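Asker: Structure file input24.cif, mmCIF, C-alpha atoms, is pasted below:
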data_my_file
#
loop_
_atom_site.label_atom_id
_atom_site.label_comp_id
_atom_site.auth_asym_id
_atom_site.auth_seq_id
_atom_site.Cartn_x
_atom_site.Cartn_y
_atom_site.Cartn_z
CA MET M 1 49.65 58.33 14.31
CA ARG M 2 45.95 57.94 13.69
CA THR M 3 44.16 60.06 11.12
CA ILE M 4 41.37 59.57 8.60
CA ARG M 5 41.28 58.81 4.90
CA ILE M 6 38.54 59.22 2.31
CA THR M 7 37.44 55.83 0.99
CA GLY M 8 34.41 56.84 -1.07
CA THR M 9 32.85 59.90 -2.70
CA GLY M 10 29.45 60.70 -4.16
CA SER M 11 27.41 63.64 -5.40
CA ALA M 12 23.93 64.58 -6.57
CA LEU M 13 22.64 67.53 -8.60
CA PRO M 14 19.07 68.46 -9.55
CA GLY M 15 18.21 67.76 -13.17
CA ARG M 16 17.02 71.30 -13.94
CA ILE M 17 19.78 73.49 -15.34
CA VAL M 18 19.39 77.27 -15.48
CA THR M 19 21.69 79.01 -17.93
CA ASN M 20 22.86 82.60 -17.89
CA LYS M 21 20.69 83.20 -20.94
CA GLU M 22 17.61 82.25 -18.92
CA LEU M 23 18.60 84.67 -16.17
CA GLU M 24 18.64 87.43 -18.76
CA GLN M 25 14.84 87.05 -18.79
CA LEU M 26 14.63 87.61 -15.00
CA VAL M 27 17.07 90.40 -14.23
CA GLU M 28 19.10 93.03 -16.02
CA THR M 29 22.21 90.99 -16.82
CA SER M 30 23.89 89.12 -19.64
CA ASP M 31 25.73 85.87 -20.18
CA GLU M 32 28.90 87.81 -20.95
CA TRP M 33 28.60 89.95 -17.79
CA ILE M 34 28.10 86.90 -15.53
CA ARG M 35 30.93 84.88 -17.09
CA GLU M 36 33.35 87.80 -16.89
CA ARG M 37 32.66 88.56 -13.22
CA THR M 38 32.13 85.08 -11.84
CA GLY M 39 33.15 82.40 -14.35
CA ILE M 40 29.69 80.80 -14.03
CA ALA M 41 27.76 79.69 -17.12
CA GLU M 42 24.97 77.62 -15.58
CA ARG M 43 23.73 76.15 -12.33
CA HIS M 44 21.42 73.31 -11.20
CA VAL M 45 18.28 74.31 -9.29
CA SER M 46 15.73 72.25 -7.41
CA VAL M 47 12.28 71.58 -8.82
CA GLY M 48 11.35 69.53 -5.78
CA GLU M 49 14.61 67.99 -4.62
CA THR M 50 15.41 68.76 -0.99
CA VAL M 51 18.56 69.01 1.10
CA VAL M 52 17.76 65.54 2.46
CA THR M 53 16.94 63.83 -0.84
CA LEU M 54 20.08 65.20 -2.50
CA ALA M 55 22.19 64.30 0.53
CA SER M 56 20.79 60.77 0.60
CA GLU M 57 21.54 60.23 -3.09
CA ALA M 58 25.10 61.43 -2.67
CA ALA M 59 25.48 59.28 0.45
CA HIS M 60 24.38 56.11 -1.36
CA LYS M 61 27.01 56.70 -4.06
CA ALA M 62 29.78 57.34 -1.54
CA LEU M 63 28.88 54.24 0.45
CA GLU M 64 28.83 52.10 -2.68
CA GLN M 65 32.29 53.25 -3.70
CA ALA M 66 33.64 52.74 -0.19
CA GLY M 67 32.21 49.21 -0.06
CA LYS M 68 30.22 50.04 3.07
CA THR M 69 26.62 49.42 4.03
CA ALA M 70 24.64 52.13 5.77
CA GLU M 71 24.39 49.92 8.86
CA GLU M 72 28.19 49.99 9.21
CA ILE M 73 28.38 53.79 9.54
CA ASP M 74 29.11 55.13 13.03
CA LEU M 75 28.70 58.88 12.45
CA ILE M 76 26.77 61.07 10.01
CA LEU M 77 27.50 64.78 9.73
CA VAL M 78 25.51 66.99 7.36
CA ALA M 79 26.79 70.48 6.63
CA SER M 80 24.03 72.78 5.39
CA CYS M 81 22.75 76.32 5.75
CA SER M 82 19.53 75.70 3.83
CA PRO M 83 17.52 72.95 5.59
CA GLU M 84 13.83 72.59 4.85
CA GLN M 85 13.10 71.97 8.53
CA TYR M 86 14.50 73.22 11.80
CA LEU M 87 13.59 69.90 13.41
CA PRO M 88 14.58 67.14 13.00
CA CYS M 89 18.08 67.91 11.76
CA CYS M 90 19.07 66.94 8.22
CA ALA M 91 21.55 64.31 9.43
CA CYS M 92 18.84 62.42 11.32
CA GLN M 93 16.58 62.55 8.25
CA VAL M 94 19.41 61.20 6.09
CA GLN M 95 20.06 58.49 8.68
CA ALA M 96 16.45 57.37 8.38
CA ALA M 97 16.42 57.63 4.58
CA ILE M 98 19.49 55.44 4.03
CA GLY M 99 18.96 53.07 6.96
CA ALA M 100 22.07 53.96 8.95
CA VAL M 101 20.49 52.68 12.14
CA ASN M 102 23.72 52.57 14.15
CA ALA M 103 24.97 56.06 13.39
CA LEU M 104 25.13 59.12 15.60
CA ALA M 105 23.82 61.99 13.45
CA PHE M 106 23.87 65.77 13.71
CA ASP M 107 24.23 68.89 11.55
CA VAL M 108 27.00 71.47 11.16
CA ASN M 109 26.36 75.01 9.90
CA ALA M 110 29.42 76.98 8.93
CA ALA M 111 27.97 78.04 5.56
CA CYS M 112 30.42 77.53 2.70
CA SER M 113 33.12 76.30 5.12
CA GLY M 114 30.71 73.72 6.53
CA PHE M 115 32.11 70.65 4.81
CA LEU M 116 35.64 71.40 6.05
CA PHE M 117 34.40 72.01 9.59
CA ALA M 118 32.45 68.74 9.45
CA LEU M 119 35.46 66.86 8.07
CA ASN M 120 37.61 68.02 10.95
CA THR M 121 34.86 67.24 13.46
CA ALA M 122 34.76 63.69 12.11
CA ASP M 123 38.55 63.54 12.33
CA ALA M 124 38.32 64.34 16.05
CA TYR M 125 35.72 61.59 16.59
CA LEU M 126 37.78 59.01 14.71
CA ARG M 127 41.15 59.99 16.21
CA THR M 128 39.81 59.61 19.74
CA GLY M 129 38.14 56.29 19.03
CA LEU M 130 34.57 57.54 19.39
CA ALA M 131 33.88 56.26 15.88
CA LYS M 132 35.62 54.05 13.33
CA ASN M 133 34.11 55.68 10.27
CA ALA M 134 31.89 58.56 9.25
CA LEU M 135 29.69 59.78 6.43
CA ILE M 136 30.20 63.49 5.80
CA ILE M 137 27.80 65.36 3.54
CA GLY M 138 27.52 68.92 2.28
CA SER M 139 24.03 69.55 0.90
CA GLU M 140 22.26 72.74 -0.13
CA VAL M 141 19.08 73.98 -1.80
CA LEU M 142 20.10 77.60 -1.96
CA SER M 143 17.61 78.47 -4.68
CA LYS M 144 14.93 78.94 -2.01
CA LEU M 145 17.13 81.48 -0.22
CA VAL M 146 17.98 83.48 -3.33
CA ASP M 147 16.19 86.70 -4.25
CA TRP M 148 15.59 86.06 -7.96
CA THR M 149 15.14 89.80 -8.55
CA ASP M 150 18.64 90.61 -7.26
CA ARG M 151 21.14 90.26 -10.09
CA GLY M 152 24.06 90.47 -7.68
CA SER M 153 23.17 87.20 -5.93
CA CYS M 154 20.78 85.14 -8.09
CA ILE M 155 23.53 84.58 -10.67
CA LEU M 156 25.85 82.94 -8.15
CA PHE M 157 24.19 80.04 -6.40
CA GLY M 158 23.12 76.52 -7.27
CA ASP M 159 21.77 73.41 -5.55
CA GLY M 160 23.45 70.07 -4.95
CA ALA M 161 25.08 67.66 -2.52
CA GLY M 162 28.42 65.94 -2.11
CA ALA M 163 29.41 63.18 0.30
CA VAL M 164 32.49 61.32 1.47
CA VAL M 165 33.02 58.23 3.59
CA VAL M 166 36.03 58.50 5.88
CA GLU M 167 37.70 55.74 7.88
CA ARG M 168 40.32 55.70 10.58
CA CYS M 169 43.86 54.90 9.46
CA ARG M 170 47.51 55.49 10.29
CA THR M 171 49.84 57.93 8.55
CA GLU M 172 52.85 55.62 8.18
CA SER M 173 53.87 54.83 4.60
CA ARG M 174 52.52 51.54 3.34
CA ALA M 175 51.54 49.79 0.15
CA VAL M 176 48.23 51.14 -1.06
CA GLU M 177 45.19 48.97 -0.40
CA TYR M 178 42.08 49.44 -2.49
CA SER M 179 38.54 48.43 -1.73
CA ASN M 180 37.15 45.68 -3.91
CA ALA M 181 34.12 47.93 -4.30
CA LEU M 182 35.89 50.26 -6.72
CA PRO M 183 33.93 50.73 -9.95
CA GLU M 184 35.27 48.82 -12.96
CA THR M 185 36.37 52.09 -14.56
CA GLU M 186 38.70 52.75 -11.62
CA LYS M 187 40.21 49.29 -11.20
CA GLY M 188 42.90 50.09 -13.74
CA MET M 189 44.32 52.53 -11.21
CA GLN M 190 44.65 49.74 -8.65
CA GLU M 191 47.33 47.75 -10.46
CA THR M 192 49.50 50.78 -11.07
CA ALA M 193 49.29 52.06 -7.51
CA GLU M 194 49.97 48.71 -5.89
CA GLU M 195 53.28 48.38 -7.72
CA LYS M 196 54.86 51.08 -5.61
CA ARG M 197 54.92 52.26 -2.03
CA ILE M 198 53.50 55.72 -1.42
CA PRO M 199 52.56 57.73 1.68
CA ALA M 200 49.44 56.53 3.44
CA ALA M 201 46.31 58.59 2.96
CA GLY M 202 45.30 60.95 5.75
CA ILE M 203 45.05 64.50 7.05
CA LEU M 204 48.45 66.12 7.51
CA GLY M 205 47.59 69.63 8.69
CA ARG M 206 44.74 72.07 9.10
CA ALA M 207 43.71 75.62 9.98
CA LEU M 208 40.18 76.68 10.92
CA HIS M 209 39.02 80.15 11.93
CA SER M 210 35.90 82.23 12.57
CA ASP M 211 35.40 85.99 12.63
CA GLY M 212 31.97 86.86 13.98
CA THR M 213 32.63 90.59 13.65
CA GLY M 214 32.24 90.16 9.88
CA GLY M 215 28.86 88.46 10.09
CA GLY M 216 26.99 91.30 8.44
CA VAL M 217 28.93 90.85 5.20
CA LEU M 218 26.96 87.74 4.27
CA GLN M 219 23.68 86.92 5.99
CA CYS M 220 20.19 85.51 5.63
CA GLY M 221 17.43 86.14 8.17
CA ALA M 222 15.11 83.57 9.73
CA ARG M 223 11.70 83.91 11.36
CA GLU M 224 11.38 86.84 13.69
CA LEU M 225 10.56 86.57 17.38
CA THR M 226 6.81 87.23 17.45
CA THR M 227 5.67 85.86 20.79
CA PRO M 228 3.22 87.89 22.94
CA TYR M 229 6.18 88.77 25.16
CA ALA M 230 8.58 90.26 22.63
CA ARG M 231 8.50 93.25 20.34
CA THR M 232 9.33 92.52 16.70
CA SER M 233 11.88 95.33 16.60
CA ALA M 234 13.75 93.78 19.52
CA ALA M 235 14.26 90.57 17.53
CA LYS M 236 16.39 92.24 14.91
CA THR M 237 19.98 91.12 15.31
CA ASP M 238 21.22 93.61 12.76
CA GLN M 239 19.47 96.96 12.49
CA ASN M 240 21.03 97.39 9.04
CA GLN M 241 19.02 94.48 7.64
CA PRO M 242 16.34 95.44 5.10
CA THR M 243 12.78 95.41 6.41
CA ASP M 244 10.90 94.82 3.14
CA GLY M 245 11.02 91.03 3.28
CA ARG M 246 14.38 90.73 1.57
CA GLU M 247 16.04 89.94 4.91
CA HIS M 248 14.81 86.38 4.46
CA TYR M 249 16.95 86.02 1.34
CA ILE M 250 20.72 85.91 1.03
CA GLN M 251 22.21 89.39 1.51
CA MET M 252 25.84 89.82 0.51
CA ASP M 253 28.40 92.60 0.26
CA GLY M 254 30.25 91.14 -2.71
CA GLN M 255 33.26 93.45 -2.54
CA GLU M 256 33.87 92.73 1.15
CA VAL M 257 33.53 88.97 0.57
CA TYR M 258 36.03 89.20 -2.27
CA ARG M 259 38.52 91.14 -0.14
CA PHE M 260 38.13 88.72 2.75
CA ALA M 261 38.55 85.63 0.57
CA THR M 262 41.53 86.81 -1.44
CA ARG M 263 43.37 87.87 1.72
CA ARG M 264 42.45 85.17 4.22
CA VAL M 265 42.28 82.03 2.04
CA PRO M 266 45.98 82.18 1.05
CA GLN M 267 46.90 82.89 4.69
CA CYS M 268 44.83 79.97 5.91
CA ILE M 269 46.32 77.61 3.32
CA GLU M 270 49.85 78.63 4.29
CA GLU M 271 48.99 78.08 7.95
CA ALA M 272 47.69 74.58 7.21
CA LEU M 273 50.77 73.82 5.10
CA SER M 274 52.99 74.93 7.97
CA ASP M 275 51.06 72.63 10.30
CA ALA M 276 51.75 69.79 7.85
CA GLY M 277 55.43 70.70 7.44
CA LEU M 278 54.92 71.31 3.72
CA ALA M 279 55.12 74.19 1.26
CA VAL M 280 53.07 75.26 -1.77
CA PRO M 281 55.32 73.45 -4.31
CA ASP M 282 54.71 70.16 -2.46
CA ILE M 283 50.98 70.23 -3.30
CA ASP M 284 49.57 68.41 -6.32
CA MET M 285 46.09 69.96 -6.27
CA PHE M 286 44.19 72.76 -4.53
CA VAL M 287 40.45 72.03 -4.20
CA LEU M 288 38.90 75.36 -3.28
CA HIS M 289 35.35 76.42 -2.52
CA GLN M 290 33.84 77.28 -5.90
CA ALA M 291 32.51 80.77 -5.24
CA ASN M 292 34.03 82.86 -8.00
CA ALA M 293 36.69 82.22 -10.65
CA ARG M 294 38.35 85.56 -9.93
CA ILE M 295 38.79 84.61 -6.27
CA ILE M 296 40.44 81.32 -7.27
CA ASP M 297 42.71 83.18 -9.70
CA ALA M 298 43.71 85.64 -6.98
CA VAL M 299 44.44 82.88 -4.43
CA ALA M 300 46.65 81.02 -6.92
CA LYS M 301 48.51 84.24 -7.69
CA ARG M 302 49.10 85.12 -4.03
CA LEU M 303 50.38 81.63 -3.31
CA HIS M 304 52.64 81.77 -6.39
CA ALA M 305 51.09 78.45 -7.40
CA ASP M 306 50.38 77.03 -10.84
CA ARG M 307 46.78 77.92 -11.75
CA GLU M 308 46.49 74.51 -13.42
CA LYS M 309 46.57 72.96 -9.94
CA PHE M 310 43.24 74.64 -9.11
CA PRO M 311 40.44 72.63 -10.76
CA THR M 312 37.00 74.20 -11.11
CA ASN M 313 33.44 73.17 -11.80
CA LEU M 314 31.71 76.44 -10.89
CA GLU M 315 31.19 77.17 -14.57
CA ARG M 316 28.70 74.25 -14.59
CA VAL M 317 27.24 74.26 -11.07
CA GLY M 318 27.76 77.70 -9.56
CA ASN M 319 28.35 78.28 -5.85
CA LEU M 320 27.03 75.26 -3.89
CA SER M 321 28.07 76.55 -0.45
CA SER M 322 28.87 73.56 1.81
CA ALA M 323 28.39 71.13 -1.11
CA SER M 324 30.95 72.88 -3.28
CA ILE M 325 34.11 71.06 -2.18
CA PRO M 326 32.67 67.51 -1.88
CA VAL M 327 30.93 67.75 -5.28
CA LEU M 328 34.17 68.81 -6.94
CA LEU M 329 36.08 66.10 -5.05
CA ASP M 330 33.66 63.47 -6.33
CA GLU M 331 34.00 64.69 -9.91
CA LEU M 332 37.80 64.63 -9.73
CA ASN M 333 37.79 61.21 -8.10
CA ARG M 334 35.47 59.60 -10.63
CA GLN M 335 37.35 61.19 -13.52
CA GLY M 336 40.54 59.52 -12.28
CA LYS M 337 42.27 62.84 -11.61
CA LEU M 338 43.06 62.04 -7.97
CA HIS M 339 45.77 59.44 -7.41
CA ARG M 340 46.75 57.69 -4.22
CA GLY M 341 49.65 59.56 -2.69
CA ASP M 342 48.66 62.93 -4.16
CA ARG M 343 48.95 65.78 -1.69
CA ILE M 344 45.90 68.01 -1.88
CA VAL M 345 44.64 71.11 -0.11
CA LEU M 346 40.95 71.67 0.61
CA ALA M 347 40.06 75.28 1.42
CA GLY M 348 36.83 77.17 1.90
CA PHE M 349 35.35 80.37 3.27
CA GLY M 350 31.85 81.54 4.00
CA ALA M 351 29.34 83.36 6.14
CA GLY M 352 30.13 83.80 9.77
CA LEU M 353 32.68 84.74 8.69
CA THR M 354 34.35 81.33 8.59
CA ILE M 355 37.43 80.00 6.85
CA GLY M 356 39.29 76.72 6.79
CA ALA M 357 42.00 74.75 5.02
CA CYS M 358 43.03 71.13 5.26
CA VAL M 359 46.11 69.39 3.84
CA MET M 360 45.79 65.69 3.13
CA THR M 361 47.30 62.80 1.26
CA TRP M 362 44.78 61.16 -1.04
#
What's the structure tokens form of this structure?
Answerer:
Amino acid sequence: MRTIRITGTGSALPGRIVTNKELEQLVETSDEWIRERTGIAERHVSVGETVVTLASEAAHKALEQAGKTAEEIDLILVASCSPEQYLPCCACQVQAAIGAVNALAFDVNAACSGFLFALNTADAYLRTGLAKNALIIGSEVLSKLVDWTDRGSCILFGDGAGAVVVERCRTESRAVEYSNALPETEKGMQETAEEKRIPAAGILGRALHSDGTGGGVLQCGARELTTPYARTSAAKTDQNQPTDGREHYIQMDGQEVYRFATRRVPQCIEEALSDAGLAVPDIDMFVLHQANARIIDAVAKRLHADREKFPTNLERVGNLSSASIPVLLDELNRQGKLHRGDRIVLAGFGAGLTIGACVMTW
């Protein structure tokens, strides 16, 4: 059966780091308060980097590791909820920036679930033969959408991008084949893996859902309809939105998001595991959207899974929305913590409301 496997990863973060101590100078908060409630200690914020420049940097790194040139890429998907421009889309700008002249390119916006939705969209393209490979990127500059006077939201978010290259493959077991483009630091893994036969890499199961009735829980307004033919008040999609300008920043009901995530993420993971014919003990690692350490703790507890199987980087980068999962994947990959044959779960949730989980063999 055809599926897709990840053959390269990459990530990019702005150089400017904002610590909790610095935020103490902006809002009424403290390093201790932020760490206790979120697990976050610092985050990277843009001082000029854009969704496209970060995405392009991450893309170059993923392509290099995969041993691919930009011209060989058939499909580019960029997941983002914070583009600098409405037109052209981020994916087309990335295509131009990296020289992927043969690629179809378009954006996906499912907020923090965006990377997972894009991954499964690419899977559909590759399974049906519409493409042989794809470059999937999650990229965000959320700092421009954050109200830096709101201590409930400005402490959470960061900027960054993560990318993966995926290629079509089959799920039958086979000896592992590695690209000659692997960095020298990773070639030691090649000899060990090639000595044994392990399951082929690929997606084994998935579950994706949306609940538009919960859209008001997490939202951010855009430009209002101000043509000569429309009244401004008629353009409001949610009459409960603030009207003092804050509607153009991220608005979040933190308690409702927490309740949604801690209830639905475990359910979604179990649904994806059922689709794959697996159970929680079969999984080597759970790579979750890095929104809040307490949410990750609660998900692990509800799944009766070992918390050690849930790696985090939110303490260093904060909530990166659609970039969260691919940035963490790249870190784990380059640190040698992902091994061919490992069974991993990717799971995310976000505005919409949206939620998704994917089970795969690395």
Asker: Given the file shown, enumerate the residues that the PyMOL selection byres ((chain M and resi 139-145) around 9) captures and present them as a PDB file with C-alpha atoms, in the coordinates of the input.
Answerer:
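Full text of expr.pdb as output:
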ATOM      1  CA  ALA M  12      23.930  64.580  -6.570  1.00  0.00           C
ATOM      2  CA  VAL M  45      18.280  74.310  -9.290  1.00  0.00           C
ATOM      3  CA  SER M  46      15.730  72.250  -7.410  1.00  0.00           C
ATOM      4  CA  GLU M  49      14.610  67.990  -4.620  1.00  0.00           C
ATOM      5  CA  THR M  50      15.410  68.760  -0.990  1.00  0.00           C
ATOM      6  CA  VAL M  51      18.560  69.010   1.100  1.00  0.00           C
ATOM      7  CA  VAL M  52      17.760  65.540   2.460  1.00  0.00           C
ATOM      8  CA  LEU M  54      20.080  65.200  -2.500  1.00  0.00           C
ATOM      9  CA  ALA M  55      22.190  64.300   0.530  1.00  0.00           C
ATOM     10  CA  ALA M  58      25.100  61.430  -2.670  1.00  0.00           C
ATOM     11  CA  VAL M  78      25.510  66.990   7.360  1.00  0.00           C
ATOM     12  CA  ALA M  79      26.790  70.480   6.630  1.00  0.00           C
ATOM     13  CA  SER M  80      24.030  72.780   5.390  1.00  0.00           C
ATOM     14  CA  CYS M  81      22.750  76.320   5.750  1.00  0.00           C
ATOM     15  CA  SER M  82      19.530  75.700   3.830  1.00  0.00           C
ATOM     16  CA  PRO M  83      17.520  72.950   5.590  1.00  0.00           C
ATOM     17  CA  GLU M  84      13.830  72.590   4.850  1.00  0.00           C
ATOM     18  CA  ILE M 137      27.800  65.360   3.540  1.00  0.00           C
ATOM     19  CA  GLY M 138      27.520  68.920   2.280  1.00  0.00           C
ATOM     20  CA  VAL M 146      17.980  83.480  -3.330  1.00  0.00           C
ATOM     21  CA  ASP M 147      16.190  86.700  -4.250  1.00  0.00           C
ATOM     22  CA  TRP M 148      15.590  86.060  -7.960  1.00  0.00           C
ATOM     23  CA  CYS M 154      20.780  85.140  -8.090  1.00  0.00           C
ATOM     24  CA  PHE M 157      24.190  80.040  -6.400  1.00  0.00           C
ATOM     25  CA  GLY M 158      23.120  76.520  -7.270  1.00  0.00           C
ATOM     26  CA  ASP M 159      21.770  73.410  -5.550  1.00  0.00           C
ATOM     27  CA  GLY M 160      23.450  70.070  -4.950  1.00  0.00           C
ATOM     28  CA  ALA M 161      25.080  67.660  -2.520  1.00  0.00           C
ATOM     29  CA  GLY M 162      28.420  65.940  -2.110  1.00  0.00           C
ATOM     30  CA  ALA M 163      29.410  63.180   0.300  1.00  0.00           C
ATOM     31  CA  CYS M 220      20.190  85.510   5.630  1.00  0.00           C
ATOM     32  CA  HIS M 248      14.810  86.380   4.460  1.00  0.00           C
ATOM     33  CA  TYR M 249      16.950  86.020   1.340  1.00  0.00           C
ATOM     34  CA  ILE M 250      20.720  85.910   1.030  1.00  0.00           C
ATOM     35  CA  LEU M 320      27.030  75.260  -3.890  1.00  0.00           C
ATOM     36  CA  SER M 321      28.070  76.550  -0.450  1.00  0.00           C
ATOM     37  CA  SER M 322      28.870  73.560   1.810  1.00  0.00           C
ATOM     38  CA  ALA M 323      28.390  71.130  -1.110  1.00  0.00           C
ATOM     39  CA  SER M 324      30.950  72.880  -3.280  1.00  0.00           C
TER      40      SER M 324
END
Asker: Suppose a student applies the PyMOL selection byres ((chain M and resi 117-123) around 8) to this structure; what residues should they get, written as a ChimeraX atom specification?
Answerer: /M:3-4,75,77-79,108,110,113-116,124-127,134,136,208,356
Asker: I'd like the residues picked by the PyMOL selection byres ((chain M and resi 17) around 8) written out as a list in words, using the chain letters and numbers from the file.
Answerer: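 Applied to this file, the PyMOL selection byres ((chain M and resi 17) around 8) selects Pro14, Gly15, Arg16, Val18, Thr19, Glu42, Arg43, His44 and Val45 of chain M.
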Asker: Give me the residues near M:Ile34 as a ChimeraX atom specification, where near means some atom within 9 Å (using only C-alpha atoms) and where sequence neighbours in that chain fewer than 5 positions away do not count.
Answerer: /M:20,29,39-41,155-156
Asker: Please report the interatomic distance between atom CA of M:Ile295 and atom CA of M:Thr354 in Å with one decimal.
Answerer: 15.9 Å
Asker: Atom CA of M:Gln85 and atom CA of M:Pro228, how far apart in Å?
Answerer: 23.6 Å
Asker: Using all atoms listed in the file, pick whichever of M:Asp284, M:Asp275, M:Glu57, M:Glu167 has the shortest atom-to-atom distance to M:Ile6.
Answerer: M:Glu167
Asker: Name the residues in contact with M:Leu303 at a cut-off of 9 Å, using all atoms listed in the file, excluding same-chain residues fewer than 4 positions from it; report them as a ChimeraX atom specification.
Answerer: /M:266-267,269-270,280,298-299
Asker: Can you measure atom CA of M:Gly352 to atom CA of M:Leu288 for me? One decimal in Å is fine.
Answerer: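 Taking atom CA of M:Gly352 and atom CA of M:Leu288, their separation equals 17.8 Å.
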